[in-house]
Amino acid sequence: MIRPMQAHDAPDVLALLNWMDDAPEREVFAPDARALNEFQLECEDSLCFVQEGEDGVLAYCALSPFRGGLVLEGPLADPGGALALGALTARAVQSADGLPVYAFCARDNVPVRAALEAAGLTPMHTTDFYGAPVSGLARAARTPEGHLLGTELPFEVYRWLYRASEDTWAGRLDWTPEQYDAHCARPDVRLLVLWRGEQAVAFAEMELCPEEGRADLTHIAVHPAERGQGLGRALLHLSAAELTLFPEVRTLRARAHDHMRAARALYARAGMTHCRSIVTYLLEGEEEA
């Protein structure tokens with residue numbers, strides 16, 4: 001039976017989340033919380049569904065607000081509930097009230113991908129993730145000749161460079177100056193900027209995840225007029241050098257969408273190893289008449 005999730009279902013859903021964590025090919029977009037109280041708080045703004053069996057919850061999915069639409073958490077089911085994936089996904093999508101629905105899952109998660117596509121979601125692109133030890137990348141760190149390295153960037157210049165780098169899907173293009181200042185003030189965020197004279201020409205942005213021993217290179221932005229000079233490669237290695245200040249961070253991870261050939265080539269030349277692929281799905285919203 002498919003029904004809305006209730007408070008007593010939380011332990012079963014947490015067990016499913018932990019089961020997902022045991023193998024990368026099971027990955028779907030899902031709540032971050034792995035503690036009961038935190039999970040219940042995280043679900044407060046979501047519309048959650050479960051497939052109930054004789055021994056408890058077999059499968060879970062939810063809808064949460066996301067970029068003017070909704071994002072699907074899951075669907076998630078262990079082998080005993082795999083047959084429930086399609087029906088549960090269809091039930092969630094029917095509850096979207098015409099809003100666009102996004103979903104994310106591992107490329108190798110074949111059962112979930114089949115359930116998403118059966119519910120009408122279409123794959124948009126694949127994002128590949130690469131990783132390498134910080135120590136190895138840092139050895140090649142050099143500031144390019146004629147440039148200075150900084151750690152701050154005015155909001156308007158940040159947004160200008162971000163937009164110029166063609167990553168226009170990023171929600172941060174809609175940030176206010178206050179949101180940008182709050183983001184940069186976070187202790188886990190690091191920004192490196194290459195300046196030529198008074199002009200910022202490129203930047204790299206990182207988010208530290210010390211509890212997992214890694215940092216994520218969330219973006220490298222090089223102005224189109226400055227490409228072909230090795231600035232992206234320089235920022236990659238300089239980012240690793242910055243991370244040597246944090247002994248608990250041992251790995252730098254980067255990502256590239258399937259159309260970002262230059263970024264993929266950069267990471268491969270730097271010796272970074274492919275470690276993960278995530279497919280982004282979308283169900284278009286119904287336009288109002």
# chains A, B, ... in the order shown; residues from 1 in each chain; ligands from 1
>>> residues_around(residues="segment 106-114 of chain A", least_positions_apart="4", cutoff="12 Å", atoms="only C-alpha atoms", output="number ranges by chain")
A: 20-21, 23-30, 59-61, 72-79, 81-90, 118-123, 125-129, 275-282
>>> select_by_dssp(residues="segment 29-256 of chain A", states="strand (DSSP E)", output="PDB file with C-alpha atoms, in the first residue's frame")
ATOM      1  CA  LEU A  47       5.590  15.647   0.817  1.00  0.00           C
ATOM      2  CA  CYS A  48       6.731  12.128   1.692  1.00  0.00           C
ATOM      3  CA  PHE A  49       5.336   8.772   0.548  1.00  0.00           C
ATOM      4  CA  VAL A  50       6.135   5.186   1.492  1.00  0.00           C
ATOM      5  CA  GLN A  51       5.236   1.772   0.162  1.00  0.00           C
ATOM      6  CA  GLU A  52       4.144  -0.303   3.143  1.00  0.00           C
ATOM      7  CA  GLY A  53       4.619  -4.054   3.340  1.00  0.00           C
ATOM      8  CA  GLY A  56       7.270  -2.221   7.456  1.00  0.00           C
ATOM      9  CA  VAL A  57       8.364   0.278   4.832  1.00  0.00           C
ATOM     10  CA  LEU A  58       9.563  -1.231   1.541  1.00  0.00           C
ATOM     11  CA  ALA A  59      10.222   1.972  -0.383  1.00  0.00           C
ATOM     12  CA  TYR A  60      10.323   5.763   0.057  1.00  0.00           C
ATOM     13  CA  CYS A  61      10.189   8.935  -2.012  1.00  0.00           C
ATOM     14  CA  ALA A  62       9.346  12.579  -1.377  1.00  0.00           C
ATOM     15  CA  LEU A  63       8.861  15.911  -3.115  1.00  0.00           C
ATOM     16  CA  SER A  64      10.643  19.021  -1.836  1.00  0.00           C
ATOM     17  CA  PRO A  65      10.728  22.634  -3.115  1.00  0.00           C
ATOM     18  CA  PHE A  66      13.536  23.211  -5.614  1.00  0.00           C
ATOM     19  CA  GLY A  69       9.593  23.531  -8.878  1.00  0.00           C
ATOM     20  CA  LEU A  70      10.152  20.312  -6.962  1.00  0.00           C
ATOM     21  CA  VAL A  71      12.902  17.755  -6.531  1.00  0.00           C
ATOM     22  CA  LEU A  72      12.237  14.076  -6.064  1.00  0.00           C
ATOM     23  CA  GLU A  73      13.977  12.502  -3.085  1.00  0.00           C
ATOM     24  CA  GLY A  74      14.449   8.910  -4.163  1.00  0.00           C
ATOM     25  CA  PRO A  75      12.728   6.699  -5.082  1.00  0.00           C
ATOM     26  CA  LEU A  76      14.549   4.372  -2.743  1.00  0.00           C
ATOM     27  CA  ALA A  77      13.861   0.692  -2.114  1.00  0.00           C
ATOM     28  CA  VAL A 101      10.031  17.899 -11.128  1.00  0.00           C
ATOM     29  CA  TYR A 102      13.786  17.266 -10.999  1.00  0.00           C
ATOM     30  CA  ALA A 103      15.436  14.006  -9.986  1.00  0.00           C
ATOM     31  CA  PHE A 104      19.043  12.878  -9.589  1.00  0.00           C
ATOM     32  CA  CYS A 105      20.439   9.357  -9.403  1.00  0.00           C
ATOM     33  CA  ALA A 106      23.580   7.362 -10.069  1.00  0.00           C
ATOM     34  CA  THR A 122      13.602  12.757 -19.165  1.00  0.00           C
ATOM     35  CA  PRO A 123      17.398  12.624 -18.685  1.00  0.00           C
ATOM     36  CA  MET A 124      18.911  16.093 -19.187  1.00  0.00           C
ATOM     37  CA  HIS A 125      22.618  15.518 -18.632  1.00  0.00           C
ATOM     38  CA  THR A 126      25.175  13.452 -16.765  1.00  0.00           C
ATOM     39  CA  THR A 127      27.602  14.950 -14.267  1.00  0.00           C
ATOM     40  CA  ASP A 128      30.892  13.118 -13.766  1.00  0.00           C
ATOM     41  CA  PHE A 129      32.967  13.491 -10.600  1.00  0.00           C
ATOM     42  CA  TYR A 130      36.748  13.213 -10.396  1.00  0.00           C
ATOM     43  CA  GLY A 131      39.081  13.017  -7.414  1.00  0.00           C
ATOM     44  CA  ALA A 132      42.784  13.121  -6.579  1.00  0.00           C
ATOM     45  CA  PRO A 133      44.981  13.430  -3.487  1.00  0.00           C
ATOM     46  CA  LEU A 148      48.229  37.939  -8.714  1.00  0.00           C
ATOM     47  CA  LEU A 149      46.352  35.499  -6.500  1.00  0.00           C
ATOM     48  CA  GLY A 150      43.630  36.815  -4.180  1.00  0.00           C
ATOM     49  CA  VAL A 189      34.002  28.075   1.680  1.00  0.00           C
ATOM     50  CA  ARG A 190      37.261  29.110   0.005  1.00  0.00           C
ATOM     51  CA  LEU A 191      37.579  31.455  -2.979  1.00  0.00           C
ATOM     52  CA  LEU A 192      40.737  31.927  -5.063  1.00  0.00           C
ATOM     53  CA  VAL A 193      40.889  34.711  -7.663  1.00  0.00           C
ATOM     54  CA  LEU A 194      43.414  35.396 -10.410  1.00  0.00           C
ATOM     55  CA  TRP A 195      43.892  39.095 -11.135  1.00  0.00           C
ATOM     56  CA  ARG A 196      45.735  40.702 -14.022  1.00  0.00           C
ATOM     57  CA  GLN A 199      40.860  42.955 -13.672  1.00  0.00           C
ATOM     58  CA  ALA A 200      39.690  39.646 -12.210  1.00  0.00           C
ATOM     59  CA  VAL A 201      40.021  37.079 -15.000  1.00  0.00           C
ATOM     60  CA  ALA A 202      39.244  33.770 -13.272  1.00  0.00           C
ATOM     61  CA  PHE A 203      38.264  32.250  -9.956  1.00  0.00           C
ATOM     62  CA  ALA A 204      37.940  28.884  -8.268  1.00  0.00           C
ATOM     63  CA  GLU A 205      35.495  28.110  -5.490  1.00  0.00           C
ATOM     64  CA  MET A 206      35.747  25.264  -2.992  1.00  0.00           C
ATOM     65  CA  GLU A 207      33.639  23.842  -0.203  1.00  0.00           C
ATOM     66  CA  LEU A 208      35.431  21.899   2.529  1.00  0.00           C
ATOM     67  CA  CYS A 209      33.997  18.637   3.853  1.00  0.00           C
ATOM     68  CA  ARG A 214      37.705  15.980   1.126  1.00  0.00           C
ATOM     69  CA  ALA A 215      36.950  19.341  -0.471  1.00  0.00           C
ATOM     70  CA  ASP A 216      34.722  19.927  -3.486  1.00  0.00           C
ATOM     71  CA  LEU A 217      35.849  22.226  -6.270  1.00  0.00           C
ATOM     72  CA  THR A 218      32.369  23.584  -6.905  1.00  0.00           C
ATOM     73  CA  HIS A 219      33.321  25.822  -9.806  1.00  0.00           C
ATOM     74  CA  ILE A 220      36.171  27.152 -11.920  1.00  0.00           C
ATOM     75  CA  ALA A 221      35.227  30.256 -13.907  1.00  0.00           C
ATOM     76  CA  VAL A 222      37.603  31.564 -16.579  1.00  0.00           C
ATOM     77  CA  THR A 251      41.178  14.616  -1.405  1.00  0.00           C
ATOM     78  CA  LEU A 252      40.036  17.265  -3.876  1.00  0.00           C
ATOM     79  CA  ARG A 253      36.937  16.384  -5.879  1.00  0.00           C
ATOM     80  CA  ALA A 254      35.744  18.159  -9.035  1.00  0.00           C
ATOM     81  CA  ARG A 255      32.793  17.737 -11.383  1.00  0.00           C
ATOM     82  CA  ALA A 256      31.941  18.326 -15.023  1.00  0.00           C
TER      83      ALA A 256
END
>>> select_by_dssp(residues="segment 18-204 of chain A", states="alpha helix (DSSP H)", output="PyMOL selection string")
chain A and resi 18-21+36-42+85-94+110-118+134-138+155-164+177-184
>>> closest_residue(among="A:Gly285, A:Gly171, A:Gly136, A:Gly228", to="Gly271 of chain A", atoms="only C-alpha atoms")
A:Gly136
>>> closest_residue(among="A:Asp9, A:Glu286, A:Arg159, A:Pro144", to="Gly230 of chain A", atoms="only C-alpha atoms")
A:Pro144
>>> residues_around(residues="Ala141 of chain A", least_positions_apart="6", cutoff="10 Å", atoms="only C-alpha atoms", output="ChimeraX atom specification")
/A:233-242
>>> write_last_selection(atoms="N, CA and C atoms", output="compact mmCIF listing (two decimals), in the first residue's frame")
# COMPACT_ATOMS: atom_id res chain seq x y z
N ARG A 233 43.89 25.30 -15.26
CA ARG A 233 44.84 24.34 -14.69
C ARG A 233 45.57 24.94 -13.49
N ALA A 234 45.97 26.21 -13.62
CA ALA A 234 46.66 26.86 -12.51
C ALA A 234 45.76 26.94 -11.28
N LEU A 235 44.49 27.29 -11.47
CA LEU A 235 43.57 27.39 -10.34
C LEU A 235 43.32 26.03 -9.69
N LEU A 236 43.28 24.98 -10.48
CA LEU A 236 43.10 23.64 -9.92
C LEU A 236 44.24 23.30 -8.96
N HIS A 237 45.47 23.54 -9.38
CA HIS A 237 46.61 23.21 -8.53
C HIS A 237 46.74 24.19 -7.36
N LEU A 238 46.42 25.46 -7.59
CA LEU A 238 46.46 26.43 -6.49
C LEU A 238 45.40 26.11 -5.44
N SER A 239 44.27 25.60 -5.89
CA SER A 239 43.22 25.19 -4.94
C SER A 239 43.73 24.07 -4.04
N ALA A 240 44.42 23.11 -4.64
CA ALA A 240 44.98 22.02 -3.84
C ALA A 240 46.01 22.55 -2.85
N ALA A 241 46.82 23.51 -3.28
CA ALA A 241 47.81 24.10 -2.37
C ALA A 241 47.13 24.79 -1.19
N GLU A 242 46.01 25.46 -1.45
CA GLU A 242 45.26 26.10 -0.37
C GLU A 242 44.76 25.05 0.63
>>> closest_residue(among="A:Gly232, A:Pro4, A:Pro247, A:Pro187", to="Ser135 of chain A", atoms="only C-alpha atoms")
A:Pro247
>>> closest_residue(among="A:Arg91, A:His183, A:Arg172, A:Arg34", to="Leu116 of chain A", atoms="only C-alpha atoms")
A:Arg91
>>> atom_distance(atom1="atom CA of Val157 of chain A", atom2="atom CA of Ala182 of chain A")
16.4 Å
>>> closest_residue(among="A:Ser46, A:Thr151, A:Asn18, A:Ser165", to="His223 of chain A", atoms="only C-alpha atoms")
A:Ser165
>>> decode(residues="segment 96-204 of chain A", atoms="C-alpha atoms", output="PDB file, in the first residue's frame")
ATOM      1  CA  ALA A  96       3.397  17.732  -8.267  1.00  0.00           C
ATOM      2  CA  ASP A  97       0.359  19.833  -9.325  1.00  0.00           C
ATOM      3  CA  GLY A  98       1.887  20.705 -12.680  1.00  0.00           C
ATOM      4  CA  LEU A  99       5.186  21.993 -11.291  1.00  0.00           C
ATOM      5  CA  PRO A 100       8.457  20.869 -12.888  1.00  0.00           C
ATOM      6  CA  VAL A 101      10.031  17.899 -11.128  1.00  0.00           C
ATOM      7  CA  TYR A 102      13.786  17.266 -10.999  1.00  0.00           C
ATOM      8  CA  ALA A 103      15.436  14.006  -9.986  1.00  0.00           C
ATOM      9  CA  PHE A 104      19.043  12.878  -9.589  1.00  0.00           C
ATOM     10  CA  CYS A 105      20.439   9.357  -9.403  1.00  0.00           C
ATOM     11  CA  ALA A 106      23.580   7.362 -10.069  1.00  0.00           C
ATOM     12  CA  ARG A 107      24.118   6.504 -13.728  1.00  0.00           C
ATOM     13  CA  ASP A 108      24.362   2.822 -12.782  1.00  0.00           C
ATOM     14  CA  ASN A 109      21.137   2.835 -10.756  1.00  0.00           C
ATOM     15  CA  VAL A 110      19.192   1.068 -13.503  1.00  0.00           C
ATOM     16  CA  PRO A 111      15.999   0.240 -11.526  1.00  0.00           C
ATOM     17  CA  VAL A 112      15.512   3.848 -10.399  1.00  0.00           C
ATOM     18  CA  ARG A 113      16.285   5.247 -13.853  1.00  0.00           C
ATOM     19  CA  ALA A 114      13.642   2.943 -15.319  1.00  0.00           C
ATOM     20  CA  ALA A 115      11.091   4.092 -12.726  1.00  0.00           C
ATOM     21  CA  LEU A 116      11.837   7.772 -13.413  1.00  0.00           C
ATOM     22  CA  GLU A 117      11.508   7.376 -17.159  1.00  0.00           C
ATOM     23  CA  ALA A 118       8.300   5.366 -16.816  1.00  0.00           C
ATOM     24  CA  ALA A 119       6.877   8.288 -14.791  1.00  0.00           C
ATOM     25  CA  GLY A 120       7.657  10.710 -17.617  1.00  0.00           C
ATOM     26  CA  LEU A 121      10.962  12.219 -16.482  1.00  0.00           C
ATOM     27  CA  THR A 122      13.602  12.757 -19.165  1.00  0.00           C
ATOM     28  CA  PRO A 123      17.398  12.624 -18.685  1.00  0.00           C
ATOM     29  CA  MET A 124      18.911  16.093 -19.187  1.00  0.00           C
ATOM     30  CA  HIS A 125      22.618  15.518 -18.632  1.00  0.00           C
ATOM     31  CA  THR A 126      25.175  13.452 -16.765  1.00  0.00           C
ATOM     32  CA  THR A 127      27.602  14.950 -14.267  1.00  0.00           C
ATOM     33  CA  ASP A 128      30.892  13.118 -13.766  1.00  0.00           C
ATOM     34  CA  PHE A 129      32.967  13.491 -10.600  1.00  0.00           C
ATOM     35  CA  TYR A 130      36.748  13.213 -10.396  1.00  0.00           C
ATOM     36  CA  GLY A 131      39.081  13.017  -7.414  1.00  0.00           C
ATOM     37  CA  ALA A 132      42.784  13.121  -6.579  1.00  0.00           C
ATOM     38  CA  PRO A 133      44.981  13.430  -3.487  1.00  0.00           C
ATOM     39  CA  VAL A 134      45.555  17.030  -2.434  1.00  0.00           C
ATOM     40  CA  SER A 135      49.261  16.425  -1.906  1.00  0.00           C
ATOM     41  CA  GLY A 136      49.883  15.377  -5.504  1.00  0.00           C
ATOM     42  CA  LEU A 137      47.928  18.226  -7.071  1.00  0.00           C
ATOM     43  CA  ALA A 138      49.526  20.825  -4.797  1.00  0.00           C
ATOM     44  CA  ARG A 139      53.052  20.025  -6.013  1.00  0.00           C
ATOM     45  CA  ALA A 140      52.316  21.693  -9.368  1.00  0.00           C
ATOM     46  CA  ALA A 141      50.872  24.902  -7.833  1.00  0.00           C
ATOM     47  CA  ARG A 142      52.206  28.057  -9.498  1.00  0.00           C
ATOM     48  CA  THR A 143      50.654  31.504  -9.897  1.00  0.00           C
ATOM     49  CA  PRO A 144      50.718  32.293 -13.658  1.00  0.00           C
ATOM     50  CA  GLU A 145      53.203  34.944 -14.699  1.00  0.00           C
ATOM     51  CA  GLY A 146      51.669  38.408 -14.828  1.00  0.00           C
ATOM     52  CA  HIS A 147      48.866  37.491 -12.414  1.00  0.00           C
ATOM     53  CA  LEU A 148      48.229  37.939  -8.714  1.00  0.00           C
ATOM     54  CA  LEU A 149      46.352  35.499  -6.500  1.00  0.00           C
ATOM     55  CA  GLY A 150      43.630  36.815  -4.180  1.00  0.00           C
ATOM     56  CA  THR A 151      40.946  35.401  -1.921  1.00  0.00           C
ATOM     57  CA  GLU A 152      38.164  37.987  -2.274  1.00  0.00           C
ATOM     58  CA  LEU A 153      35.958  39.098  -5.149  1.00  0.00           C
ATOM     59  CA  PRO A 154      33.285  41.835  -5.283  1.00  0.00           C
ATOM     60  CA  PHE A 155      29.791  40.481  -5.748  1.00  0.00           C
ATOM     61  CA  GLU A 156      29.127  42.062  -9.152  1.00  0.00           C
ATOM     62  CA  VAL A 157      32.456  40.802 -10.523  1.00  0.00           C
ATOM     63  CA  TYR A 158      31.766  37.318  -9.150  1.00  0.00           C
ATOM     64  CA  ARG A 159      28.383  37.196 -10.839  1.00  0.00           C
ATOM     65  CA  TRP A 160      29.797  38.624 -14.094  1.00  0.00           C
ATOM     66  CA  LEU A 161      32.505  35.958 -14.248  1.00  0.00           C
ATOM     67  CA  TYR A 162      30.071  33.225 -13.250  1.00  0.00           C
ATOM     68  CA  ARG A 163      27.667  34.204 -16.021  1.00  0.00           C
ATOM     69  CA  ALA A 164      30.487  34.559 -18.558  1.00  0.00           C
ATOM     70  CA  SER A 165      31.593  31.005 -17.816  1.00  0.00           C
ATOM     71  CA  GLU A 166      28.220  29.835 -19.229  1.00  0.00           C
ATOM     72  CA  ASP A 167      27.080  27.986 -16.125  1.00  0.00           C
ATOM     73  CA  THR A 168      23.768  29.839 -16.306  1.00  0.00           C
ATOM     74  CA  TRP A 169      21.776  27.004 -14.691  1.00  0.00           C
ATOM     75  CA  ALA A 170      23.348  27.874 -11.349  1.00  0.00           C
ATOM     76  CA  GLY A 171      20.897  29.278  -8.827  1.00  0.00           C
ATOM     77  CA  ARG A 172      23.539  31.605  -7.422  1.00  0.00           C
ATOM     78  CA  LEU A 173      23.067  33.927 -10.399  1.00  0.00           C
ATOM     79  CA  ASP A 174      19.913  35.021  -8.575  1.00  0.00           C
ATOM     80  CA  TRP A 175      21.706  35.712  -5.291  1.00  0.00           C
ATOM     81  CA  THR A 176      21.474  39.079  -3.594  1.00  0.00           C
ATOM     82  CA  PRO A 177      24.655  40.787  -2.310  1.00  0.00           C
ATOM     83  CA  GLU A 178      23.638  39.751   1.203  1.00  0.00           C
ATOM     84  CA  GLN A 179      23.356  36.097   0.183  1.00  0.00           C
ATOM     85  CA  TYR A 180      26.758  36.260  -1.481  1.00  0.00           C
ATOM     86  CA  ASP A 181      28.371  37.808   1.602  1.00  0.00           C
ATOM     87  CA  ALA A 182      26.821  35.148   3.829  1.00  0.00           C
ATOM     88  CA  HIS A 183      28.062  32.402   1.501  1.00  0.00           C
ATOM     89  CA  CYS A 184      31.630  33.721   1.430  1.00  0.00           C
ATOM     90  CA  ALA A 185      31.632  34.122   5.214  1.00  0.00           C
ATOM     91  CA  ARG A 186      31.015  30.404   5.729  1.00  0.00           C
ATOM     92  CA  PRO A 187      34.041  28.702   7.301  1.00  0.00           C
ATOM     93  CA  ASP A 188      33.858  25.840   4.785  1.00  0.00           C
ATOM     94  CA  VAL A 189      34.002  28.075   1.680  1.00  0.00           C
ATOM     95  CA  ARG A 190      37.261  29.110   0.005  1.00  0.00           C
ATOM     96  CA  LEU A 191      37.579  31.455  -2.979  1.00  0.00           C
ATOM     97  CA  LEU A 192      40.737  31.927  -5.063  1.00  0.00           C
ATOM     98  CA  VAL A 193      40.889  34.711  -7.663  1.00  0.00           C
ATOM     99  CA  LEU A 194      43.414  35.396 -10.410  1.00  0.00           C
ATOM    100  CA  TRP A 195      43.892  39.095 -11.135  1.00  0.00           C
ATOM    101  CA  ARG A 196      45.735  40.702 -14.022  1.00  0.00           C
ATOM    102  CA  GLY A 197      46.228  44.259 -12.943  1.00  0.00           C
ATOM    103  CA  GLU A 198      42.857  45.496 -11.655  1.00  0.00           C
ATOM    104  CA  GLN A 199      40.860  42.955 -13.672  1.00  0.00           C
ATOM    105  CA  ALA A 200      39.690  39.646 -12.210  1.00  0.00           C
ATOM    106  CA  VAL A 201      40.021  37.079 -15.000  1.00  0.00           C
ATOM    107  CA  ALA A 202      39.244  33.770 -13.272  1.00  0.00           C
ATOM    108  CA  PHE A 203      38.264  32.250  -9.956  1.00  0.00           C
ATOM    109  CA  ALA A 204      37.940  28.884  -8.268  1.00  0.00           C
TER     110      ALA A 204
END
